[in-house]
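Raw start-v3.tsv, TSV, C-alpha atoms:
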```
chain	number	residue	atom	x	y	z
P	1	MET	CA	-2.88	17.16	-4.37
P	2	THR	CA	-1.20	19.26	-1.69
P	3	GLU	CA	1.98	17.93	-0.05
P	4	MET	CA	1.16	16.02	3.11
P	5	THR	CA	2.74	17.78	6.10
P	6	ARG	CA	2.49	17.50	9.86
P	7	THR	CA	0.69	20.86	10.02
P	8	ALA	CA	-1.87	19.96	7.31
P	9	VAL	CA	-3.04	16.75	9.00
P	10	ARG	CA	-5.66	16.62	11.78
P	11	VAL	CA	-6.97	13.96	14.16
P	12	GLY	CA	-10.06	12.46	12.48
P	13	ASP	CA	-8.73	12.88	8.92
P	14	GLU	CA	-9.57	9.90	6.73
P	15	MET	CA	-6.86	8.25	4.67
P	16	THR	CA	-7.69	8.11	0.94
P	17	PRO	CA	-9.06	4.55	0.56
P	18	LEU	CA	-7.24	2.24	-1.86
P	19	SER	CA	-8.99	-0.65	-3.61
P	20	ARG	CA	-7.25	-3.39	-5.54
P	21	THR	CA	-8.49	-6.64	-7.07
P	22	VAL	CA	-6.09	-9.47	-6.29
P	23	THR	CA	-5.62	-12.14	-8.97
P	24	GLN	CA	-4.20	-15.66	-8.71
P	25	GLU	CA	-1.33	-14.41	-10.92
P	26	GLN	CA	-0.41	-11.82	-8.26
P	27	ILE	CA	-0.64	-14.46	-5.52
P	28	ASN	CA	1.69	-16.69	-7.58
P	29	ALA	CA	4.12	-13.79	-8.10
P	30	TYR	CA	4.08	-13.07	-4.37
P	31	ALA	CA	4.71	-16.77	-3.61
P	32	ASP	CA	7.74	-16.71	-5.93
P	33	ALA	CA	9.09	-13.41	-4.57
P	34	SER	CA	8.63	-14.33	-0.90
P	35	GLY	CA	9.43	-18.04	-1.12
P	36	ASP	CA	6.15	-18.84	0.67
P	37	VAL	CA	4.84	-21.47	-1.74
P	38	ASN	CA	2.45	-23.12	0.75
P	39	PRO	CA	-0.08	-24.98	-1.49
P	40	ILE	CA	-3.04	-23.20	0.20
P	41	HIS	CA	-1.91	-20.14	-1.81
P	42	VAL	CA	-1.18	-21.73	-5.17
P	43	ASN	CA	-2.99	-25.09	-5.46
P	44	GLU	CA	-6.78	-24.86	-5.68
P	45	GLU	CA	-7.35	-28.60	-5.23
P	46	PHE	CA	-5.17	-28.73	-2.11
P	47	ALA	CA	-6.83	-25.59	-0.66
P	48	ARG	CA	-10.30	-27.17	-1.05
P	49	MET	CA	-9.04	-30.44	0.44
P	50	VAL	CA	-8.07	-28.62	3.68
P	51	GLY	CA	-11.51	-26.97	3.90
P	52	LEU	CA	-10.85	-23.59	2.29
P	53	PRO	CA	-13.21	-22.20	-0.39
P	54	GLY	CA	-10.21	-22.10	-2.76
P	55	THR	CA	-6.67	-20.68	-2.74
P	56	ILE	CA	-6.16	-17.68	-0.48
P	57	ALA	CA	-3.81	-14.69	-0.69
P	58	HIS	CA	-0.84	-14.49	1.69
P	59	GLY	CA	-1.68	-12.31	4.70
P	60	MET	CA	1.54	-10.43	3.96
P	61	LEU	CA	0.30	-9.66	0.43
P	62	ASP	CA	-2.84	-8.07	1.97
P	63	LEU	CA	-0.69	-6.17	4.47
P	64	GLY	CA	1.57	-5.00	1.62
P	65	ILE	CA	-1.45	-3.42	-0.10
P	66	LEU	CA	-2.48	-1.78	3.19
P	67	VAL	CA	1.04	-0.36	3.59
P	68	ASP	CA	0.91	0.86	-0.01
P	69	ALA	CA	-2.35	2.72	0.79
P	70	ILE	CA	-0.68	4.30	3.83
P	71	ALA	CA	2.45	5.21	1.83
P	72	ARG	CA	0.45	6.85	-0.99
P	73	TRP	CA	-1.59	8.87	1.49
P	74	ALA	CA	1.54	9.92	3.44
P	75	GLY	CA	3.54	10.81	0.33
P	76	GLY	CA	6.05	7.96	0.12
P	77	SER	CA	6.86	4.53	1.52
P	78	ASP	CA	9.97	5.94	3.26
P	79	ARG	CA	7.56	7.85	5.53
P	80	VAL	CA	5.94	4.69	6.93
P	81	ALA	CA	7.61	4.23	10.33
P	82	SER	CA	5.69	1.27	11.75
P	83	VAL	CA	2.77	-1.01	10.99
P	84	GLY	CA	0.83	-3.74	12.73
P	85	CYS	CA	-2.40	-5.67	12.23
P	86	ARG	CA	-4.27	-8.88	12.86
P	87	PHE	CA	-4.85	-11.28	9.96
P	88	SER	CA	-8.56	-11.83	10.59
P	89	LYS	CA	-10.05	-13.36	7.40
P	90	PRO	CA	-8.63	-14.72	4.14
P	91	LEU	CA	-8.72	-12.80	0.85
P	92	LEU	CA	-9.57	-14.95	-2.19
P	93	PRO	CA	-8.35	-14.45	-5.76
P	94	GLY	CA	-10.83	-12.23	-7.63
P	95	ASP	CA	-11.77	-10.39	-4.40
P	96	THR	CA	-11.27	-6.65	-4.22
P	97	ILE	CA	-9.51	-5.49	-1.07
P	98	THR	CA	-10.25	-1.96	0.17
P	99	CYS	CA	-7.82	-0.37	2.61
P	100	ALA	CA	-8.81	2.62	4.73
P	101	GLY	CA	-7.76	4.43	7.87
P	102	ARG	CA	-8.19	7.41	10.14
P	103	VAL	CA	-5.73	9.67	11.94
P	104	VAL	CA	-5.94	9.17	15.72
P	105	ASP	CA	-2.88	11.16	16.86
P	106	VAL	CA	-0.57	13.88	15.53
P	107	ASP	CA	2.65	14.92	17.24
P	108	PRO	CA	3.53	18.27	15.63
P	109	ALA	CA	6.98	18.31	17.27
P	110	THR	CA	8.20	15.02	15.76
P	111	GLY	CA	5.82	14.81	12.78
P	112	LEU	CA	4.79	11.33	13.92
P	113	VAL	CA	1.17	10.64	12.91
P	114	THR	CA	-0.71	7.58	14.20
P	115	LEU	CA	-3.49	5.95	12.16
P	116	GLU	CA	-6.03	3.23	12.82
P	117	VAL	CA	-6.13	1.19	9.63
P	118	GLN	CA	-8.04	-1.80	8.26
P	119	ALA	CA	-8.80	-3.74	5.10
P	120	ASP	CA	-12.10	-5.22	3.92
P	121	SER	CA	-12.87	-7.64	1.10
P	122	SER	CA	-15.59	-7.23	-1.53
P	123	ARG	CA	-17.35	-10.24	0.06
P	124	GLY	CA	-17.85	-8.18	3.24
P	125	ASP	CA	-15.09	-9.66	5.40
P	126	ARG	CA	-12.70	-7.59	7.48
P	127	VAL	CA	-9.46	-9.11	6.17
P	128	LEU	CA	-7.07	-7.10	8.37
P	129	ASN	CA	-8.24	-5.65	11.68
P	130	ASN	CA	-6.81	-3.99	14.80
P	131	GLY	CA	-4.48	-2.22	12.35
P	132	ARG	CA	-2.24	0.56	13.53
P	133	ALA	CA	0.43	2.48	11.66
P	134	THR	CA	2.68	5.46	12.23
P	135	VAL	CA	4.01	7.75	9.52
P	136	ARG	CA	6.57	10.52	9.83
P	137	LEU	CA	5.55	13.69	7.98
P	138	PRO	CA	7.77	16.66	7.09
P	139	ALA	CA	7.20	20.07	8.69
Y	19	MET	CA	11.40	-31.56	15.38
Y	20	THR	CA	8.42	-32.03	17.68
Y	21	GLU	CA	5.08	-30.48	16.72
Y	22	MET	CA	4.70	-27.02	18.24
Y	23	THR	CA	1.76	-27.02	20.66
Y	24	ARG	CA	0.42	-24.62	23.27
Y	25	THR	CA	1.46	-27.00	26.04
Y	26	ALA	CA	5.03	-27.46	24.73
Y	27	VAL	CA	5.81	-23.73	24.59
Y	28	ARG	CA	6.98	-21.69	27.62
Y	29	VAL	CA	7.51	-17.99	28.36
Y	30	GLY	CA	11.17	-17.28	27.66
Y	31	ASP	CA	11.46	-19.80	24.81
Y	32	GLU	CA	13.58	-18.49	21.94
Y	33	MET	CA	12.28	-18.71	18.39
Y	34	THR	CA	14.65	-20.57	16.04
Y	35	PRO	CA	16.55	-17.68	14.36
Y	36	LEU	CA	16.29	-17.43	10.57
Y	37	SER	CA	19.02	-15.81	8.46
Y	38	ARG	CA	18.69	-14.92	4.81
Y	39	THR	CA	20.90	-12.97	2.43
Y	40	VAL	CA	18.83	-10.56	0.35
Y	41	THR	CA	19.93	-9.96	-3.24
Y	42	GLN	CA	19.07	-7.16	-5.66
Y	43	GLU	CA	17.28	-9.82	-7.74
Y	44	GLN	CA	14.95	-10.56	-4.80
Y	45	ILE	CA	14.34	-6.84	-4.27
Y	46	ASN	CA	13.48	-6.52	-7.98
Y	47	ALA	CA	11.12	-9.52	-7.75
Y	48	TYR	CA	9.45	-8.00	-4.69
Y	49	ALA	CA	9.09	-4.65	-6.51
Y	50	ASP	CA	7.36	-6.44	-9.41
Y	51	ALA	CA	5.10	-8.55	-7.17
Y	52	SER	CA	4.07	-5.67	-4.90
Y	53	GLY	CA	3.97	-2.89	-7.49
Y	54	ASP	CA	6.24	-0.75	-5.27
Y	55	VAL	CA	8.80	0.22	-7.89
Y	56	ASN	CA	10.11	3.31	-6.04
Y	57	PRO	CA	13.60	3.90	-7.59
Y	58	ILE	CA	15.25	3.84	-4.12
Y	59	HIS	CA	14.68	0.06	-4.29
Y	60	VAL	CA	15.70	-0.66	-7.87
Y	61	ASN	CA	17.91	2.18	-9.20
Y	62	GLU	CA	21.36	2.40	-7.59
Y	63	GLU	CA	22.21	5.79	-9.14
Y	64	PHE	CA	18.93	7.34	-7.95
Y	65	ALA	CA	19.33	5.84	-4.46
Y	66	ARG	CA	22.82	7.40	-4.11
Y	67	MET	CA	21.51	10.71	-5.45
Y	68	VAL	CA	19.01	10.93	-2.56
Y	69	GLY	CA	21.75	10.19	0.00
Y	70	LEU	CA	21.37	6.44	0.49
Y	71	PRO	CA	24.43	4.14	0.40
Y	72	GLY	CA	22.76	2.30	-2.51
Y	73	THR	CA	19.41	0.65	-3.22
Y	74	ILE	CA	17.55	-0.60	-0.15
Y	75	ALA	CA	15.13	-3.47	0.38
Y	76	HIS	CA	11.44	-2.71	0.89
Y	77	GLY	CA	10.57	-2.68	4.61
Y	78	MET	CA	7.75	-5.08	3.76
Y	79	LEU	CA	10.27	-7.51	2.24
Y	80	ASP	CA	12.18	-7.51	5.57
Y	81	LEU	CA	8.92	-7.96	7.48
Y	82	GLY	CA	7.96	-10.82	5.16
Y	83	ILE	CA	11.17	-12.65	6.13
Y	84	LEU	CA	10.45	-12.00	9.82
Y	85	VAL	CA	6.92	-13.41	9.40
Y	86	ASP	CA	8.42	-16.42	7.60
Y	87	ALA	CA	10.72	-17.01	10.61
Y	88	ILE	CA	7.70	-16.83	12.94
Y	89	ALA	CA	5.64	-19.15	10.68
Y	90	ARG	CA	8.41	-21.77	10.47
Y	91	TRP	CA	8.88	-21.76	14.24
Y	92	ALA	CA	5.10	-21.93	14.86
Y	93	GLY	CA	4.52	-24.71	12.32
Y	94	GLY	CA	2.76	-22.87	9.48
Y	95	SER	CA	1.94	-19.39	8.18
Y	96	ASP	CA	-1.78	-20.00	8.86
Y	97	ARG	CA	-0.87	-19.94	12.59
Y	98	VAL	CA	0.41	-16.34	12.49
Y	99	ALA	CA	-2.49	-14.30	13.88
Y	100	SER	CA	-0.96	-10.82	14.06
Y	101	VAL	CA	2.29	-8.96	13.49
Y	102	GLY	CA	3.66	-5.48	14.01
Y	103	CYS	CA	7.03	-3.74	13.97
Y	104	ARG	CA	8.88	-0.51	13.41
Y	105	PHE	CA	10.99	-0.11	10.27
Y	106	SER	CA	14.10	1.24	11.98
Y	107	LYS	CA	17.02	0.88	9.52
Y	108	PRO	CA	17.34	-0.05	5.84
Y	109	LEU	CA	18.58	-3.44	4.64
Y	110	LEU	CA	20.94	-3.29	1.65
Y	111	PRO	CA	21.32	-5.89	-1.11
Y	112	GLY	CA	24.01	-8.38	-0.10
Y	113	ASP	CA	23.21	-7.94	3.60
Y	114	THR	CA	22.16	-10.94	5.63
Y	115	ILE	CA	19.06	-10.37	7.75
Y	116	THR	CA	18.69	-12.43	10.93
Y	117	CYS	CA	15.25	-12.70	12.50
Y	118	ALA	CA	14.79	-13.79	16.10
Y	119	GLY	CA	12.25	-13.66	18.89
Y	120	ARG	CA	11.24	-14.75	22.35
Y	121	VAL	CA	7.94	-15.93	23.85
Y	122	VAL	CA	6.58	-13.36	26.31
Y	123	ASP	CA	3.09	-14.77	26.93
Y	124	VAL	CA	1.21	-18.05	26.53
Y	125	ASP	CA	-2.55	-18.39	26.93
Y	126	PRO	CA	-3.12	-22.16	27.32
Y	127	ALA	CA	-6.91	-21.75	27.00
Y	128	THR	CA	-6.88	-20.11	23.55
Y	129	GLY	CA	-3.45	-21.26	22.36
Y	130	LEU	CA	-2.52	-17.65	21.64
Y	131	VAL	CA	1.24	-17.15	22.11
Y	132	THR	CA	2.80	-13.66	22.10
Y	133	LEU	CA	6.39	-13.09	20.94
Y	134	GLU	CA	8.74	-10.14	20.96
Y	135	VAL	CA	10.51	-10.26	17.60
Y	136	GLN	CA	13.20	-8.32	15.78
Y	137	ALA	CA	15.53	-8.43	12.77
Y	138	ASP	CA	19.20	-7.42	12.54
Y	139	SER	CA	21.43	-6.92	9.51
Y	140	SER	CA	24.91	-8.34	9.06
Y	141	ARG	CA	26.23	-4.75	9.23
Y	142	GLY	CA	25.02	-4.57	12.85
Y	143	ASP	CA	21.85	-2.54	12.36
Y	144	ARG	CA	18.52	-3.39	13.96
Y	145	VAL	CA	16.42	-3.35	10.79
Y	146	LEU	CA	13.06	-4.08	12.45
Y	147	ASN	CA	12.47	-3.22	16.10
Y	148	ASN	CA	9.60	-3.04	18.62
Y	149	GLY	CA	8.33	-6.19	16.90
Y	150	ARG	CA	5.43	-8.11	18.33
Y	151	ALA	CA	3.59	-11.10	16.94
Y	152	THR	CA	0.93	-13.53	18.06
Y	153	VAL	CA	0.58	-17.10	16.87
Y	154	ARG	CA	-2.24	-19.55	17.54
Y	155	LEU	CA	-0.98	-23.02	18.45
Y	156	PRO	CA	-2.99	-26.25	18.55
Y	157	ALA	CA	-3.67	-28.05	21.85
```

Please rewrite the model in this file as structure tokens.
Amino acid sequence: MTEMTRTAVRVGDEMTPLSRTVTQEQINAYADASGDVNPIHVNEEFARMVGLPGTIAHGMLDLGILVDAIARWAGGSDRVASVGCRFSKPLLPGDTITCAGRVVDVDPATGLVTLEVQADSSRGDRVLNNGRATVRLPA
Amino acid sequence: MTEMTRTAVRVGDEMTPLSRTVTQEQINAYADASGDVNPIHVNEEFARMVGLPGTIAHGMLDLGILVDAIARWAGGSDRVASVGCRFSKPLLPGDTITCAGRVVDVDPATGLVTLEVQADSSRGDRVLNNGRATVRLPA
């Protein structure tokens, strides 16, 4: 793979999609690491009781995978300057999340590249939408 | 504390600030949970070699704390509809991060409340800036 630079990237370029299957074990690990131990994430019985189809992943876990996709495409997480998205649908354990994006602006002077990004689940839901990220690429 | 509702909240309201001291152990746990094991986060010697003052927290760990502050203020993480920010300065292990925000818009019809949010470190750096979040509050 060639080094990602501000001169190599063009408006319309597609980010390399990243797919990952999220397990309950990963959701539990994220709950421990983040301190967000809301039972909707870790207790199947409770999740069903409040009307969910089962436990759901933390929105921030989904967003972390999206940021990882952006970082890998850009050549390092230190290049991700900003990120934003809407948490539109839940991701369930066992689902595969696929993150993708497209370059919508390149500023060759600053190396700041803007992407529209999103994440979809293997059950056909758009998990993260209205996503936008900027990355800073070297010359 | 009274239940947070769309009728109780006003433009100009301040979010209850949340402070948390981030340890290397938490950064290691986040690295394991997220799979982002870049040595700048977990290897002090490597971090210094590339010109950093030491290991730094993942930007997504900082953002996770900011989202936690928003969720606590709003009355639950399921109420956080969207989030975005710029990763402006690194947070170092041992630093205390303080997350704050202010209501800038309330839509009483939909219950969608918009906040400007940010996070500062105990060394005086704005760690996350240009932050914006929306939460959906019950009637």

Inset, instruction - Using all atoms listed in the file, select each residue of chain P with any atom at most 6 Å away from an atom of chain Y, and give the selection as number ranges by chain. - result: P: 29-30, 33, 81-87

Can you give me chain P superposed onto chain Y, least-squares on all Cα in order, written as a PDB file with C-alpha atoms, keeping the file's coordinate frame?
```pdb
ATOM      1  CA  MET P   1      11.366 -31.605  15.335  1.00  0.00           C
ATOM      2  CA  THR P   2       8.418 -32.044  17.687  1.00  0.00           C
ATOM      3  CA  GLU P   3       5.065 -30.491  16.726  1.00  0.00           C
ATOM      4  CA  MET P   4       4.707 -27.040  18.231  1.00  0.00           C
ATOM      5  CA  THR P   5       1.762 -27.013  20.653  1.00  0.00           C
ATOM      6  CA  ARG P   6       0.407 -24.631  23.254  1.00  0.00           C
ATOM      7  CA  THR P   7       1.467 -27.019  26.035  1.00  0.00           C
ATOM      8  CA  ALA P   8       5.043 -27.448  24.717  1.00  0.00           C
ATOM      9  CA  VAL P   9       5.813 -23.716  24.603  1.00  0.00           C
ATOM     10  CA  ARG P  10       6.971 -21.671  27.617  1.00  0.00           C
ATOM     11  CA  VAL P  11       7.491 -17.978  28.360  1.00  0.00           C
ATOM     12  CA  GLY P  12      11.181 -17.263  27.658  1.00  0.00           C
ATOM     13  CA  ASP P  13      11.468 -19.800  24.812  1.00  0.00           C
ATOM     14  CA  GLU P  14      13.581 -18.489  21.949  1.00  0.00           C
ATOM     15  CA  MET P  15      12.286 -18.693  18.401  1.00  0.00           C
ATOM     16  CA  THR P  16      14.651 -20.562  16.048  1.00  0.00           C
ATOM     17  CA  PRO P  17      16.540 -17.684  14.363  1.00  0.00           C
ATOM     18  CA  LEU P  18      16.286 -17.427  10.571  1.00  0.00           C
ATOM     19  CA  SER P  19      19.008 -15.811   8.461  1.00  0.00           C
ATOM     20  CA  ARG P  20      18.676 -14.917   4.807  1.00  0.00           C
ATOM     21  CA  THR P  21      20.900 -12.957   2.429  1.00  0.00           C
ATOM     22  CA  VAL P  22      18.825 -10.557   0.353  1.00  0.00           C
ATOM     23  CA  THR P  23      19.938  -9.961  -3.245  1.00  0.00           C
ATOM     24  CA  GLN P  24      19.058  -7.152  -5.656  1.00  0.00           C
ATOM     25  CA  GLU P  25      17.274  -9.824  -7.744  1.00  0.00           C
ATOM     26  CA  GLN P  26      14.942 -10.565  -4.804  1.00  0.00           C
ATOM     27  CA  ILE P  27      14.342  -6.840  -4.260  1.00  0.00           C
ATOM     28  CA  ASN P  28      13.467  -6.518  -7.972  1.00  0.00           C
ATOM     29  CA  ALA P  29      11.114  -9.517  -7.749  1.00  0.00           C
ATOM     30  CA  TYR P  30       9.442  -7.996  -4.695  1.00  0.00           C
ATOM     31  CA  ALA P  31       9.078  -4.647  -6.516  1.00  0.00           C
ATOM     32  CA  ASP P  32       7.366  -6.435  -9.421  1.00  0.00           C
ATOM     33  CA  ALA P  33       5.110  -8.547  -7.182  1.00  0.00           C
ATOM     34  CA  SER P  34       4.071  -5.665  -4.915  1.00  0.00           C
ATOM     35  CA  GLY P  35       3.978  -2.884  -7.505  1.00  0.00           C
ATOM     36  CA  ASP P  36       6.245  -0.757  -5.283  1.00  0.00           C
ATOM     37  CA  VAL P  37       8.823   0.213  -7.902  1.00  0.00           C
ATOM     38  CA  ASN P  38      10.115   3.299  -6.048  1.00  0.00           C
ATOM     39  CA  PRO P  39      13.598   3.912  -7.588  1.00  0.00           C
ATOM     40  CA  ILE P  40      15.258   3.838  -4.120  1.00  0.00           C
ATOM     41  CA  HIS P  41      14.682   0.054  -4.299  1.00  0.00           C
ATOM     42  CA  VAL P  42      15.702  -0.649  -7.879  1.00  0.00           C
ATOM     43  CA  ASN P  43      17.917   2.180  -9.199  1.00  0.00           C
ATOM     44  CA  GLU P  44      21.357   2.410  -7.595  1.00  0.00           C
ATOM     45  CA  GLU P  45      22.202   5.788  -9.140  1.00  0.00           C
ATOM     46  CA  PHE P  46      18.934   7.341  -7.950  1.00  0.00           C
ATOM     47  CA  ALA P  47      19.345   5.839  -4.444  1.00  0.00           C
ATOM     48  CA  ARG P  48      22.830   7.400  -4.117  1.00  0.00           C
ATOM     49  CA  MET P  49      21.529  10.721  -5.451  1.00  0.00           C
ATOM     50  CA  VAL P  50      19.012  10.927  -2.558  1.00  0.00           C
ATOM     51  CA  GLY P  51      21.750  10.199   0.007  1.00  0.00           C
ATOM     52  CA  LEU P  52      21.376   6.447   0.492  1.00  0.00           C
ATOM     53  CA  PRO P  53      24.436   4.143   0.401  1.00  0.00           C
ATOM     54  CA  GLY P  54      22.768   2.298  -2.505  1.00  0.00           C
ATOM     55  CA  THR P  55      19.402   0.649  -3.212  1.00  0.00           C
ATOM     56  CA  ILE P  56      17.550  -0.592  -0.147  1.00  0.00           C
ATOM     57  CA  ALA P  57      15.122  -3.479   0.380  1.00  0.00           C
ATOM     58  CA  HIS P  58      11.422  -2.725   0.894  1.00  0.00           C
ATOM     59  CA  GLY P  59      10.566  -2.684   4.607  1.00  0.00           C
ATOM     60  CA  MET P  60       7.748  -5.090   3.760  1.00  0.00           C
ATOM     61  CA  LEU P  61      10.264  -7.528   2.237  1.00  0.00           C
ATOM     62  CA  ASP P  62      12.175  -7.507   5.570  1.00  0.00           C
ATOM     63  CA  LEU P  63       8.913  -7.951   7.479  1.00  0.00           C
ATOM     64  CA  GLY P  64       7.959 -10.831   5.157  1.00  0.00           C
ATOM     65  CA  ILE P  65      11.168 -12.655   6.133  1.00  0.00           C
ATOM     66  CA  LEU P  66      10.438 -11.989   9.821  1.00  0.00           C
ATOM     67  CA  VAL P  67       6.927 -13.422   9.389  1.00  0.00           C
ATOM     68  CA  ASP P  68       8.419 -16.424   7.594  1.00  0.00           C
ATOM     69  CA  ALA P  69      10.718 -17.022  10.608  1.00  0.00           C
ATOM     70  CA  ILE P  70       7.697 -16.834  12.925  1.00  0.00           C
ATOM     71  CA  ALA P  71       5.639 -19.147  10.681  1.00  0.00           C
ATOM     72  CA  ARG P  72       8.403 -21.785  10.477  1.00  0.00           C
ATOM     73  CA  TRP P  73       8.868 -21.741  14.241  1.00  0.00           C
ATOM     74  CA  ALA P  74       5.090 -21.944  14.863  1.00  0.00           C
ATOM     75  CA  GLY P  75       4.519 -24.705  12.311  1.00  0.00           C
ATOM     76  CA  GLY P  76       2.776 -22.862   9.477  1.00  0.00           C
ATOM     77  CA  SER P  77       1.937 -19.398   8.183  1.00  0.00           C
ATOM     78  CA  ASP P  78      -1.784 -20.009   8.868  1.00  0.00           C
ATOM     79  CA  ARG P  79      -0.883 -19.941  12.581  1.00  0.00           C
ATOM     80  CA  VAL P  80       0.406 -16.349  12.484  1.00  0.00           C
ATOM     81  CA  ALA P  81      -2.481 -14.298  13.905  1.00  0.00           C
ATOM     82  CA  SER P  82      -0.961 -10.815  14.064  1.00  0.00           C
ATOM     83  CA  VAL P  83       2.292  -8.971  13.498  1.00  0.00           C
ATOM     84  CA  GLY P  84       3.659  -5.492  14.021  1.00  0.00           C
ATOM     85  CA  CYS P  85       7.027  -3.742  13.970  1.00  0.00           C
ATOM     86  CA  ARG P  86       8.878  -0.508  13.409  1.00  0.00           C
ATOM     87  CA  PHE P  87      10.983  -0.106  10.260  1.00  0.00           C
ATOM     88  CA  SER P  88      14.097   1.226  11.990  1.00  0.00           C
ATOM     89  CA  LYS P  89      17.015   0.886   9.518  1.00  0.00           C
ATOM     90  CA  PRO P  90      17.345  -0.046   5.842  1.00  0.00           C
ATOM     91  CA  LEU P  91      18.569  -3.449   4.642  1.00  0.00           C
ATOM     92  CA  LEU P  92      20.939  -3.291   1.652  1.00  0.00           C
ATOM     93  CA  PRO P  93      21.317  -5.883  -1.109  1.00  0.00           C
ATOM     94  CA  GLY P  94      24.018  -8.389  -0.110  1.00  0.00           C
ATOM     95  CA  ASP P  95      23.206  -7.933   3.609  1.00  0.00           C
ATOM     96  CA  THR P  96      22.153 -10.947   5.629  1.00  0.00           C
ATOM     97  CA  ILE P  97      19.064 -10.367   7.748  1.00  0.00           C
ATOM     98  CA  THR P  98      18.690 -12.436  10.930  1.00  0.00           C
ATOM     99  CA  CYS P  99      15.249 -12.702  12.502  1.00  0.00           C
ATOM    100  CA  ALA P 100      14.795 -13.800  16.109  1.00  0.00           C
ATOM    101  CA  GLY P 101      12.252 -13.653  18.892  1.00  0.00           C
ATOM    102  CA  ARG P 102      11.236 -14.738  22.357  1.00  0.00           C
ATOM    103  CA  VAL P 103       7.948 -15.915  23.843  1.00  0.00           C
ATOM    104  CA  VAL P 104       6.580 -13.348  26.317  1.00  0.00           C
ATOM    105  CA  ASP P 105       3.079 -14.762  26.927  1.00  0.00           C
ATOM    106  CA  VAL P 106       1.207 -18.054  26.529  1.00  0.00           C
ATOM    107  CA  ASP P 107      -2.547 -18.397  26.936  1.00  0.00           C
ATOM    108  CA  PRO P 108      -3.113 -22.156  27.311  1.00  0.00           C
ATOM    109  CA  ALA P 109      -6.900 -21.756  27.006  1.00  0.00           C
ATOM    110  CA  THR P 110      -6.872 -20.104  23.562  1.00  0.00           C
ATOM    111  CA  GLY P 111      -3.438 -21.272  22.366  1.00  0.00           C
ATOM    112  CA  LEU P 112      -2.517 -17.651  21.651  1.00  0.00           C
ATOM    113  CA  VAL P 113       1.242 -17.142  22.107  1.00  0.00           C
ATOM    114  CA  THR P 114       2.797 -13.657  22.100  1.00  0.00           C
ATOM    115  CA  LEU P 115       6.384 -13.083  20.938  1.00  0.00           C
ATOM    116  CA  GLU P 116       8.749 -10.135  20.963  1.00  0.00           C
ATOM    117  CA  VAL P 117      10.500 -10.258  17.606  1.00  0.00           C
ATOM    118  CA  GLN P 118      13.216  -8.324  15.776  1.00  0.00           C
ATOM    119  CA  ALA P 119      15.528  -8.417  12.781  1.00  0.00           C
ATOM    120  CA  ASP P 120      19.187  -7.406  12.533  1.00  0.00           C
ATOM    121  CA  SER P 121      21.430  -6.916   9.511  1.00  0.00           C
ATOM    122  CA  SER P 122      24.929  -8.343   9.057  1.00  0.00           C
ATOM    123  CA  ARG P 123      26.240  -4.746   9.239  1.00  0.00           C
ATOM    124  CA  GLY P 124      25.025  -4.560  12.858  1.00  0.00           C
ATOM    125  CA  ASP P 125      21.845  -2.533  12.360  1.00  0.00           C
ATOM    126  CA  ARG P 126      18.526  -3.386  13.966  1.00  0.00           C
ATOM    127  CA  VAL P 127      16.416  -3.350  10.792  1.00  0.00           C
ATOM    128  CA  LEU P 128      13.054  -4.087  12.449  1.00  0.00           C
ATOM    129  CA  ASN P 129      12.468  -3.235  16.104  1.00  0.00           C
ATOM    130  CA  ASN P 130       9.615  -3.033  18.625  1.00  0.00           C
ATOM    131  CA  GLY P 131       8.341  -6.186  16.893  1.00  0.00           C
ATOM    132  CA  ARG P 132       5.443  -8.103  18.329  1.00  0.00           C
ATOM    133  CA  ALA P 133       3.596 -11.100  16.944  1.00  0.00           C
ATOM    134  CA  THR P 134       0.922 -13.525  18.058  1.00  0.00           C
ATOM    135  CA  VAL P 135       0.579 -17.105  16.866  1.00  0.00           C
ATOM    136  CA  ARG P 136      -2.229 -19.550  17.545  1.00  0.00           C
ATOM    137  CA  LEU P 137      -0.973 -23.026  18.465  1.00  0.00           C
ATOM    138  CA  PRO P 138      -2.989 -26.261  18.557  1.00  0.00           C
ATOM    139  CA  ALA P 139      -3.653 -28.054  21.852  1.00  0.00           C
TER     140      ALA P 139
END
```

Inset, instruction - Using only C-alpha atoms, find the one residue out of P:Arg136, P:Glu45, P:Leu18, P:Ala69 that sits nearest to P:Ala109. - result: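 When distances to P:Ala109 are compared using only C-alpha atoms, the smallest one comes from P:Arg136.
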
Legend entry - Among the residues P:Asp13, P:Glu116, P:Glu3, P:Asp125, the one that comes closest to P:Leu66 [using only C-alpha atoms]: P:Glu116

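Going from atom CA of Y:Ile74 to atom CA of Y:Glu62 covers 8.9 Å.
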
Inset, instruction - Mind checking which residues fall within 10 Å of Y:Arg120, counting all atoms listed in the file, ignoring those fewer than 5 positions away in the same chain, and posting them as a list in words? - result: Arg28, Val29, Gly30, Asp31, Glu32, Met33, Thr34, Thr132, Leu133, Glu134, Val135, Gln136 and Arg150 of chain Y

Legend entry - Contacts of P:Ser121 at 12 Å (all atoms listed in the file; same-chain gap of 6+ positions) as a list in words: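 Counting only the stated atoms, we get Leu18, Ser19, Arg20, Thr21, Val22, Ala57, Asp62, Ser88, Lys89, Pro90, Leu91, Leu92, Pro93, Gly94, Asp95, Thr96, Ile97, Thr98, Cys99, Ala100, Val127, Leu128 and Asn129 of chain P.
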